[in-house]
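A.B. asks: Input structure: model30.cif, which contains mmCIF, C-alpha atoms (C1' of nucleotides).
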data_entry
#
loop_
_atom_site.label_atom_id
_atom_site.label_comp_id
_atom_site.auth_asym_id
_atom_site.auth_seq_id
_atom_site.Cartn_x
_atom_site.Cartn_y
_atom_site.Cartn_z
CA MET A 19 30.86 -44.45 0.19
CA SER A 20 33.36 -47.20 0.79
CA GLU A 21 34.89 -48.87 -2.21
CA ARG A 22 33.58 -46.11 -4.44
CA THR A 23 34.91 -42.59 -4.19
CA GLU A 24 37.73 -42.17 -1.74
CA ASN A 25 38.02 -38.54 -0.95
CA LYS A 26 39.20 -38.21 2.58
CA ASP A 27 42.80 -37.21 3.02
CA THR A 28 43.44 -37.42 -0.64
CA SER A 29 45.84 -34.56 -1.25
CA GLU A 30 49.24 -35.29 -2.77
CA MET A 31 51.30 -34.48 0.27
CA SER A 32 48.79 -35.32 2.93
CA MET A 33 49.62 -35.27 6.60
CA GLU A 34 47.44 -37.61 8.65
CA THR A 35 43.89 -36.58 9.20
CA GLY A 36 44.27 -37.67 12.75
CA LEU A 37 41.23 -39.89 12.50
CA ASP A 38 42.90 -42.77 10.76
CA GLY A 39 46.20 -42.90 12.54
CA GLN A 40 47.89 -46.27 12.20
CA GLY A 41 46.20 -49.11 10.44
CA ARG A 42 42.71 -47.76 9.99
CA ASP A 43 43.44 -46.72 6.45
CA LEU A 44 41.63 -49.31 4.39
CA ASP A 45 38.60 -49.60 6.59
CA ASP A 46 36.21 -48.55 3.88
CA PHE A 47 37.31 -51.22 1.40
CA LEU A 48 34.96 -54.15 1.32
CA CYS A 49 37.62 -56.20 -0.43
CA PHE A 50 39.92 -55.49 2.45
CA ALA A 51 37.37 -56.58 5.03
CA VAL A 52 37.10 -59.88 3.19
CA TYR A 53 40.86 -60.15 2.87
CA GLU A 54 41.31 -59.53 6.60
CA ALA A 55 38.56 -61.94 7.62
CA ASN A 56 40.20 -64.55 5.46
CA LEU A 57 43.57 -63.91 7.11
CA ALA A 58 41.92 -64.17 10.50
CA PHE A 59 40.41 -67.55 9.59
CA ASN A 60 43.79 -68.67 8.33
CA HIS A 61 45.40 -67.81 11.65
CA LEU A 62 42.72 -69.53 13.67
CA TYR A 63 42.78 -72.66 11.52
CA ARG A 64 46.54 -72.73 11.62
CA SER A 65 46.44 -73.14 15.38
CA LEU A 66 43.60 -75.67 15.26
CA LEU A 67 45.11 -77.73 12.45
CA ASP A 68 48.62 -77.67 13.74
CA GLU A 69 48.34 -80.93 15.65
CA LEU A 70 46.70 -82.61 12.66
CA GLY A 71 49.62 -81.62 10.49
CA LEU A 72 47.25 -80.10 7.92
CA THR A 73 47.15 -76.68 6.31
CA TYR A 74 43.86 -74.88 5.85
CA PRO A 75 43.49 -75.69 2.13
CA GLN A 76 44.49 -79.29 2.82
CA TYR A 77 41.79 -79.42 5.50
CA LEU A 78 39.23 -78.23 2.96
CA VAL A 79 40.22 -81.05 0.61
CA MET A 80 40.03 -83.59 3.41
CA THR A 81 36.62 -82.25 4.42
CA LEU A 82 35.36 -82.81 0.89
CA LEU A 83 36.62 -86.39 0.96
CA TRP A 84 35.20 -87.05 4.42
CA ARG A 85 31.82 -86.05 3.09
CA ARG A 86 32.09 -88.12 -0.06
CA ASN A 87 35.07 -90.31 -0.69
CA GLU A 88 36.58 -90.88 -4.11
CA ARG A 89 36.64 -87.69 -6.09
CA THR A 90 38.51 -86.68 -9.19
CA VAL A 91 41.01 -83.83 -9.08
CA LYS A 92 38.62 -81.90 -11.27
CA ASP A 93 35.77 -82.39 -8.79
CA ILE A 94 37.92 -81.05 -6.01
CA GLY A 95 39.06 -78.14 -8.13
CA ASP A 96 35.47 -77.23 -8.98
CA ALA A 97 34.43 -77.42 -5.35
CA LEU A 98 37.29 -75.21 -4.16
CA SER A 99 37.66 -72.97 -7.22
CA LEU A 100 41.26 -74.07 -7.56
CA GLU A 101 43.30 -75.02 -10.61
CA TYR A 102 45.27 -78.17 -11.23
CA ASN A 103 48.52 -76.30 -10.79
CA THR A 104 47.52 -75.64 -7.19
CA LEU A 105 45.88 -78.97 -6.50
CA THR A 106 48.32 -81.41 -8.04
CA PRO A 107 51.20 -80.56 -5.71
CA MET A 108 48.86 -80.20 -2.75
CA ILE A 109 47.25 -83.60 -3.24
CA LYS A 110 50.67 -85.12 -3.78
CA ARG A 111 51.61 -83.79 -0.35
CA LEU A 112 48.51 -85.40 1.13
CA GLU A 113 49.56 -88.59 -0.62
CA ALA A 114 53.06 -88.31 0.83
CA MET A 115 51.42 -88.02 4.28
CA GLU A 116 49.54 -91.22 3.41
CA LEU A 117 46.16 -89.57 3.92
CA VAL A 118 44.92 -90.08 0.36
CA SER A 119 45.81 -92.18 -2.66
CA ARG A 120 45.87 -91.06 -6.27
CA VAL A 121 44.79 -93.62 -8.84
CA ARG A 122 44.36 -93.21 -12.59
CA ASP A 123 40.84 -94.08 -13.65
CA THR A 124 40.78 -97.30 -15.63
CA GLN A 125 37.90 -96.17 -17.82
CA ASP A 126 39.32 -92.74 -18.62
CA GLN A 127 43.07 -92.64 -18.31
CA ARG A 128 43.08 -88.85 -18.15
CA VAL A 129 41.29 -88.83 -14.82
CA VAL A 130 42.98 -89.17 -11.45
CA ASN A 131 40.78 -90.42 -8.62
CA VAL A 132 41.60 -89.27 -5.14
CA CYS A 133 40.42 -91.34 -2.21
CA LEU A 134 41.03 -91.58 1.50
CA THR A 135 43.41 -94.08 2.98
CA ALA A 136 42.63 -95.67 6.35
CA ARG A 137 44.82 -93.03 7.92
CA GLY A 138 42.94 -90.32 6.06
CA SER A 139 39.57 -91.63 7.22
CA ALA A 140 40.81 -91.97 10.78
CA LEU A 141 41.96 -88.38 10.87
CA ARG A 142 38.33 -87.38 10.68
CA GLU A 143 37.85 -88.13 14.36
CA LYS A 144 40.60 -85.76 15.34
CA ALA A 145 39.11 -83.04 13.17
CA ALA A 146 35.59 -83.52 14.50
CA ALA A 147 35.81 -80.73 17.06
CA ILE A 148 37.06 -78.10 14.66
CA PRO A 149 33.79 -76.75 13.20
CA GLN A 150 32.50 -76.17 16.73
CA CYS A 151 35.64 -74.32 17.73
CA VAL A 152 35.48 -72.11 14.67
CA ALA A 153 31.81 -71.35 15.11
CA GLU A 154 32.41 -70.36 18.69
CA ALA A 155 35.43 -68.27 17.80
CA SER A 156 33.38 -66.42 15.23
CA GLY A 157 31.25 -65.18 18.11
CA LEU A 158 28.22 -64.68 15.91
CA SER A 159 24.65 -65.63 16.61
CA GLU A 160 23.10 -68.32 14.48
CA LYS A 161 21.17 -65.64 12.66
CA ALA A 162 24.09 -63.29 12.07
CA PHE A 163 26.13 -66.29 10.97
CA GLU A 164 23.62 -67.28 8.35
CA GLN A 165 23.06 -63.73 7.15
CA LEU A 166 26.75 -63.16 6.70
CA ARG A 167 27.22 -66.40 4.83
CA SER A 168 24.36 -65.55 2.55
CA ALA A 169 25.61 -62.02 1.89
CA LEU A 170 29.06 -63.36 1.04
CA ASP A 171 27.51 -65.85 -1.32
CA THR A 172 25.65 -63.11 -3.13
CA LEU A 173 28.82 -61.06 -3.28
CA ARG A 174 30.89 -63.92 -4.66
CA SER A 175 28.25 -64.67 -7.24
CA ASN A 176 28.09 -61.03 -8.34
CA LEU A 177 31.85 -60.70 -8.54
CA LYS A 178 32.15 -63.87 -10.56
CA SER A 179 29.49 -63.02 -13.10
CA SER A 180 30.95 -59.55 -13.47
CA GLY A 181 34.36 -61.07 -14.07
CA ASP A 182 32.96 -63.39 -16.72
CA ARG A 183 31.63 -60.46 -18.68
CA THR A 184 35.00 -58.69 -18.68
CA MET B 15 23.80 -75.00 11.78
CA SER B 16 26.66 -74.23 9.46
CA GLU B 17 30.22 -74.39 10.77
CA ARG B 18 28.99 -76.27 13.81
CA THR B 19 27.52 -79.74 13.50
CA GLU B 20 27.83 -81.23 10.06
CA ASN B 21 25.47 -84.11 9.87
CA LYS B 22 24.22 -84.40 6.37
CA ASP B 23 25.70 -87.21 4.33
CA THR B 24 28.10 -88.07 7.02
CA SER B 25 28.32 -91.85 6.83
CA GLU B 26 31.72 -93.42 6.23
CA MET B 27 31.03 -94.65 2.73
CA SER B 28 28.51 -92.03 1.71
CA MET B 29 27.04 -91.88 -1.75
CA GLU B 30 25.88 -88.41 -2.73
CA THR B 31 22.75 -87.12 -1.15
CA GLY B 32 21.75 -85.83 -4.51
CA LEU B 33 21.25 -82.36 -3.14
CA ASP B 34 24.88 -81.38 -3.04
CA GLY B 35 26.14 -82.83 -6.26
CA GLN B 36 29.30 -81.12 -7.47
CA GLY B 37 30.77 -78.20 -5.68
CA ARG B 38 28.00 -77.44 -3.23
CA ASP B 39 29.72 -79.36 -0.51
CA LEU B 40 31.13 -76.67 1.69
CA ASP B 41 28.26 -74.27 1.46
CA ASP B 42 27.60 -74.29 5.15
CA PHE B 43 31.10 -73.27 6.13
CA LEU B 44 31.38 -69.60 6.89
CA CYS B 45 35.14 -69.79 6.53
CA PHE B 46 34.63 -71.16 3.07
CA ALA B 47 32.28 -68.35 2.09
CA VAL B 48 34.98 -65.89 3.12
CA TYR B 49 37.66 -67.89 1.34
CA GLU B 50 35.59 -67.94 -1.85
CA ALA B 51 34.70 -64.25 -1.69
CA ASN B 52 38.37 -63.50 -1.26
CA LEU B 53 39.25 -65.62 -4.30
CA ALA B 54 36.56 -63.83 -6.29
CA PHE B 55 38.03 -60.44 -5.33
CA ASN B 56 41.45 -61.72 -6.30
CA HIS B 57 40.21 -62.71 -9.74
CA LEU B 58 38.45 -59.42 -10.30
CA TYR B 59 41.40 -57.36 -9.12
CA ARG B 60 43.76 -59.42 -11.22
CA SER B 61 41.94 -58.35 -14.36
CA LEU B 62 41.67 -54.73 -13.23
CA LEU B 63 45.27 -54.46 -12.08
CA ASP B 64 46.77 -56.30 -15.00
CA GLU B 65 47.42 -53.18 -17.03
CA LEU B 66 48.94 -51.44 -14.03
CA GLY B 67 51.36 -54.31 -13.59
CA LEU B 68 50.37 -54.63 -9.93
CA THR B 69 49.23 -57.59 -7.89
CA TYR B 70 46.39 -57.24 -5.42
CA PRO B 71 48.59 -57.06 -2.31
CA GLN B 72 50.89 -54.62 -4.09
CA TYR B 73 47.84 -52.50 -4.89
CA LEU B 74 46.90 -52.45 -1.22
CA VAL B 75 50.37 -51.18 -0.33
CA MET B 76 50.21 -48.54 -3.03
CA THR B 77 46.78 -47.48 -1.80
CA LEU B 78 48.17 -46.95 1.67
CA LEU B 79 50.97 -44.81 0.27
CA TRP B 80 48.63 -42.83 -1.97
CA ARG B 81 46.64 -41.94 1.11
CA ARG B 82 49.65 -41.01 3.17
CA ASN B 83 53.10 -41.09 1.69
CA GLU B 84 56.18 -42.14 3.63
CA ARG B 85 55.44 -45.08 5.86
CA THR B 86 57.69 -47.52 7.63
CA VAL B 87 57.57 -51.19 6.76
CA LYS B 88 56.11 -51.76 10.20
CA ASP B 89 53.28 -49.29 9.54
CA ILE B 90 52.41 -51.09 6.34
CA GLY B 91 52.58 -54.45 8.07
CA ASP B 92 50.25 -53.28 10.83
CA ALA B 93 47.79 -51.88 8.32
CA LEU B 94 47.71 -55.06 6.24
CA SER B 95 48.27 -57.63 9.02
CA LEU B 96 51.34 -58.87 7.19
CA GLU B 97 54.79 -59.83 8.46
CA TYR B 98 58.14 -58.56 7.36
CA ASN B 99 58.89 -61.81 5.61
CA THR B 100 55.99 -61.11 3.27
CA LEU B 101 56.48 -57.38 2.96
CA THR B 102 60.22 -57.11 2.50
CA PRO B 103 60.31 -59.02 -0.80
CA MET B 104 57.07 -57.42 -1.96
CA ILE B 105 58.28 -53.88 -1.32
CA LYS B 106 61.58 -54.72 -2.98
CA ARG B 107 59.61 -55.69 -6.07
CA LEU B 108 57.78 -52.36 -5.96
CA GLU B 109 61.19 -50.74 -5.66
CA ALA B 110 62.46 -52.70 -8.67
CA MET B 111 59.45 -51.35 -10.60
CA GLU B 112 60.55 -47.89 -9.49
CA LEU B 113 57.22 -47.18 -7.82
CA VAL B 114 58.60 -46.70 -4.31
CA SER B 115 61.94 -46.09 -2.67
CA ARG B 116 63.26 -47.70 0.51
CA VAL B 117 65.40 -45.51 2.73
CA ARG B 118 66.86 -46.27 6.15
CA ASP B 119 65.70 -43.75 8.70
CA THR B 120 68.54 -41.48 9.75
CA GLN B 121 67.22 -41.14 13.30
CA ASP B 122 66.58 -44.84 13.88
CA GLN B 123 68.72 -47.02 11.67
CA ARG B 124 66.47 -50.02 12.27
CA VAL B 125 63.59 -48.40 10.42
CA VAL B 126 63.10 -48.49 6.66
CA ASN B 127 60.93 -45.72 5.24
CA VAL B 128 58.95 -46.47 2.14
CA CYS B 129 57.85 -43.60 -0.05
CA LEU B 130 56.42 -43.07 -3.49
CA THR B 131 58.57 -42.17 -6.45
CA ALA B 132 57.21 -39.82 -9.12
CA ARG B 133 56.25 -42.90 -11.09
CA GLY B 134 54.49 -44.34 -8.06
CA SER B 135 52.51 -41.16 -7.47
CA ALA B 136 51.61 -40.94 -11.13
CA LEU B 137 50.22 -44.45 -11.14
CA ARG B 138 47.48 -43.20 -8.88
CA GLU B 139 45.65 -41.64 -11.82
CA LYS B 140 45.50 -44.94 -13.63
CA ALA B 141 44.16 -46.65 -10.53
CA ALA B 142 41.53 -44.01 -9.87
CA ALA B 143 38.71 -45.90 -11.54
CA ILE B 144 39.27 -49.17 -9.74
CA PRO B 145 37.23 -48.63 -6.54
CA GLN B 146 34.23 -47.68 -8.66
CA CYS B 147 34.59 -50.79 -10.81
CA VAL B 148 34.85 -53.04 -7.79
CA ALA B 149 31.90 -51.45 -6.04
CA GLU B 150 29.79 -51.93 -9.15
CA ALA B 151 30.96 -55.50 -9.62
CA SER B 152 29.99 -56.26 -6.05
CA GLY B 153 26.42 -55.47 -7.05
CA LEU B 154 25.42 -54.55 -3.53
CA SER B 155 23.38 -51.62 -2.40
CA GLU B 156 25.08 -48.97 -0.31
CA LYS B 157 23.32 -50.35 2.72
CA ALA B 158 24.09 -54.02 2.09
CA PHE B 159 27.66 -53.03 1.35
CA GLU B 160 28.05 -51.28 4.67
CA GLN B 161 26.29 -54.03 6.63
CA LEU B 162 28.52 -56.68 5.14
CA ARG B 163 31.66 -54.72 5.82
CA SER B 164 30.60 -54.18 9.39
CA ALA B 165 29.71 -57.84 9.93
CA LEU B 166 33.08 -58.90 8.54
CA ASP B 167 34.79 -56.46 10.84
CA THR B 168 33.04 -57.94 13.85
CA LEU B 169 33.91 -61.41 12.67
CA ARG B 170 37.57 -60.56 12.17
CA SER B 171 37.74 -58.94 15.55
CA ASN B 172 36.13 -61.97 17.24
CA LEU B 173 38.39 -64.42 15.46
CA LYS B 174 41.46 -62.44 16.37
CA SER B 175 40.66 -62.07 20.03
CA SER B 176 39.78 -65.75 20.22
CA GLY B 177 43.12 -66.59 18.63
CA ASP B 178 44.96 -64.44 21.13
CA ARG B 179 43.46 -66.37 24.01
CA THR B 180 44.57 -69.72 22.58
"C1'" DT C 16 38.43 -93.83 -40.23
"C1'" DC C 17 41.09 -89.79 -39.34
"C1'" DC C 18 42.30 -85.79 -37.32
"C1'" DA C 19 41.04 -81.35 -35.17
"C1'" DT C 20 39.11 -80.20 -30.84
"C1'" DT C 21 38.34 -80.70 -26.20
"C1'" DT C 22 39.39 -82.28 -21.65
"C1'" DA C 23 42.21 -83.82 -17.40
"C1'" DA C 24 46.31 -83.35 -15.45
"C1'" DA C 25 51.05 -81.91 -14.87
"C1'" DT C 26 54.99 -78.63 -15.14
"C1'" DC C 27 57.31 -74.15 -14.81
"C1'" DG C 28 57.94 -69.59 -13.13
"C1'" DT C 29 56.41 -65.76 -10.19
"C1'" DA C 30 54.33 -63.92 -6.16
"C1'" DC C 31 52.16 -64.02 -1.71
"C1'" DA C 32 51.97 -65.83 3.36
"C1'" DC C 33 54.05 -67.31 7.36
"C1'" DG C 34 56.93 -70.05 11.05
"C1'" DA C 35 61.56 -70.00 12.57
"C1'" DT C 36 65.77 -67.89 12.88
"C1'" DT C 37 69.21 -64.18 12.61
"C1'" DA C 38 71.18 -59.53 12.94
"C1'" DA C 39 71.54 -54.98 14.14
"C1'" DA C 40 69.97 -50.82 16.42
"C1'" DT C 41 67.68 -48.93 20.32
"C1'" DC C 42 65.72 -48.84 24.91
"C1'" DG C 43 65.28 -49.52 29.85
"C1'" DT C 44 66.82 -50.25 34.21
"C1'" DG C 45 70.11 -50.86 37.55
"C1'" DC D 29 77.54 -46.34 31.85
"C1'" DA D 30 76.38 -51.25 30.99
"C1'" DC D 31 73.94 -54.94 29.43
"C1'" DG D 32 69.94 -57.65 28.75
"C1'" DA D 33 65.43 -57.04 26.58
"C1'" DT D 34 62.87 -55.22 22.90
"C1'" DT D 35 62.12 -53.54 18.29
"C1'" DT D 36 62.77 -53.46 13.25
"C1'" DA D 37 63.99 -55.72 9.42
"C1'" DA D 38 65.86 -59.47 6.66
"C1'" DT D 39 66.59 -64.42 5.35
"C1'" DC D 40 65.30 -69.24 4.68
"C1'" DG D 41 62.19 -72.97 3.80
"C1'" DT D 42 57.50 -74.70 2.93
"C1'" DG D 43 53.06 -74.23 1.02
"C1'" DT D 44 49.43 -72.11 -1.52
"C1'" DA D 45 47.69 -69.55 -5.92
"C1'" DC D 46 47.72 -68.82 -10.68
"C1'" DG D 47 49.13 -67.56 -15.78
"C1'" DA D 48 51.24 -69.94 -19.53
"C1'" DT D 49 52.56 -73.94 -21.59
"C1'" DT D 50 52.76 -78.99 -22.35
"C1'" DT D 51 51.22 -83.84 -22.64
"C1'" DA D 52 48.26 -87.47 -23.20
"C1'" DA D 53 43.74 -89.36 -23.59
"C1'" DA D 54 39.11 -89.09 -25.25
"C1'" DT D 55 35.63 -87.17 -28.39
"C1'" DG D 56 33.26 -85.68 -32.48
"C1'" DG D 57 32.36 -84.69 -36.88
"C1'" DA D 58 33.58 -84.83 -42.23
#
Could you render the structure as structure tokens?

C.D. replies:
Amino acid sequence: MSERTENKDTSEMSMETGLDGQGRDLDDFLCFAVYEANLAFNHLYRSLLDELGLTYPQYLVMTLLWRRNERTVKDIGDALSLEYNTLTPMIKRLEAMELVSRVRDTQDQRVVNVCLTARGSALREKAAAIPQCVAEASGLSEKAFEQLRSALDTLRSNLKSSGDRT
Amino acid sequence: MSERTENKDTSEMSMETGLDGQGRDLDDFLCFAVYEANLAFNHLYRSLLDELGLTYPQYLVMTLLWRRNERTVKDIGDALSLEYNTLTPMIKRLEAMELVSRVRDTQDQRVVNVCLTARGSALREKAAAIPQCVAEASGLSEKAFEQLRSALDTLRSNLKSSGDRT
DNA sequence: TCCATTTAAATCGTACACGATTAAATCGTG
DNA sequence: CACGATTTAATCGTGTACGATTTAAATGGA
């Protein structure tokens, strides 16, 4: 039944069913499984990114730039589903670390172009091993990996379109 | 290949492969699929929880308490994989909203017991429809739902144990 | 041309999330 | 009993994440 009708141990003054003692309480929430998997990725990335001095979201931004340099803040926001109010300070931090530069577009003064500095490009080498590490840590077969990714994509798409209609 | 060897459009000064124009750049990252699905849940829950005046993490805490009232901060932290430094302020906010009360345990003065107030219990009725809404918004069949949850669970478990060994 | 609209970005305030540190109560072992 | 180790919680600082608002630049009709 999962995220639908919760009716185990539902009485007002319940007293432990015995089956879900300690921390097994939200097991049937899909949202929670996603939330937990995301936390787990955060923890793993934190340890991997520590020596690069990057946070996980910062790493995602850098990854975008490593793939295609010179992007607008809007581009990055679209790619990561993040707003300016999140990105502006974050990119300024990357700028302060001298990994990227922020330059107003000369054609359209509203636009800020973000591009890698030499330091930012160089950091790519150090980050090269990370995807491997993460893939291994996930412990999934190629097939399971791809299936999961695809299922999550469908889920995200469904959730988004449902949200739009609200 | 996904999270393993990224070798499309990988040259230093790349110029758009044409296939991944705008926002399709991180598609082959499993971590990113999880990150995005989590954001999508956040957005959906934000709209659902708005009228209850709860945030998504606050809702998770309330859900735990609705299932079994009277938990220690530690219990809640274990269930949600959150630290005291996240929970203490959050639970204080719930207390300020008069949804829960925080009482030092008389047996063990280190422990803080969190339990629902009348208002907190009552809120349960208003939240009753939410799991249904979310399940529908996910647009997954019962089977797909369960498979995904299970795959995420495996993933989380693998990531965690890998992190422990680091 | 002019001005309402739209767009890109920034700012402000609130709320997680967590590393590091601190403090107090309890426990374990000699 | 004593005292160091452990456990529980809180505090502080940094960094996302986002709603609401603001600013400035570009755009598109009448």

A.B. asks: Quick one: everything within 12 Å of DC17 in chain C, counting all atoms listed in the file, minus sequence neighbours fewer than 4 positions away in the same chain. Send it as JSON, numbers by chain.

C.D. replies: {"D": [56, 57, 58]}

A.B. asks: Separation of CA of Ala54 in chain B and CA of Ala51 in chain A, in Å?

C.D. replies: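 One can read the CA of Ala54 in chain B to CA of Ala51 in chain A distance as 13.5 Å.
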
A.B. asks: Please identify every residue of chain D that has at least one atom no more than 10 Å from any atom of chain A, counting only C-alpha atoms (C1' of nucleotides), and report them as JSON, numbers by chain.

C.D. replies: {"D": [43, 44, 45, 46, 52, 53, 54]}

A.B. asks: Would you output that residue set with C-alpha atoms (C1' of nucleotides), as an mmCIF file, in the frame of the given file?

C.D. replies:
data_model
loop_
_atom_site.group_PDB
_atom_site.id
_atom_site.type_symbol
_atom_site.label_atom_id
_atom_site.label_comp_id
_atom_site.auth_asym_id
_atom_site.auth_seq_id
_atom_site.Cartn_x
_atom_site.Cartn_y
_atom_site.Cartn_z
ATOM 1 C "C1'" DG D 43 53.060 -74.230 1.020
ATOM 2 C "C1'" DT D 44 49.430 -72.110 -1.520
ATOM 3 C "C1'" DA D 45 47.690 -69.550 -5.920
ATOM 4 C "C1'" DC D 46 47.720 -68.820 -10.680
ATOM 5 C "C1'" DA D 52 48.260 -87.470 -23.200
ATOM 6 C "C1'" DA D 53 43.740 -89.360 -23.590
ATOM 7 C "C1'" DA D 54 39.110 -89.090 -25.250
#

A.B. asks: Based on only C-alpha atoms (C1' of nucleotides), which of the residues in chain C come within 10 Å of chain B? I want them as a list in words.

C.D. replies: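 That gives DA30, DC31, DA32, DC33, DA39, DA40 and DT41 of chain C for chain C.
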
A.B. asks: Suppose you want the space between CA of Leu78 in chain B and CA of Ser115 in chain B; what is it in Å?

C.D. replies: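 Separating CA of Leu78 in chain B from CA of Ser115 in chain B is a distance of 14.5 Å.
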
A.B. asks: As a check of understanding, name the residues that the PyMOL selection byres ((chain B and resi 167) around 9) selects in the supplied structure, as a PyMOL selection string.

C.D. replies: (chain A and resi 45+51-52+54-55) or (chain B and resi 162-166+168-172)

A.B. asks: Go through C:DC42, C:DA24, C:DA35, C:DC18 and flag the residue nearest DC40 in chain D, using only C-alpha atoms (C1' of nucleotides) for the distances.

C.D. replies: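 Once distances to DC40 in chain D are computed over only C-alpha atoms (C1' of nucleotides), the minimum belongs to C:DA35.
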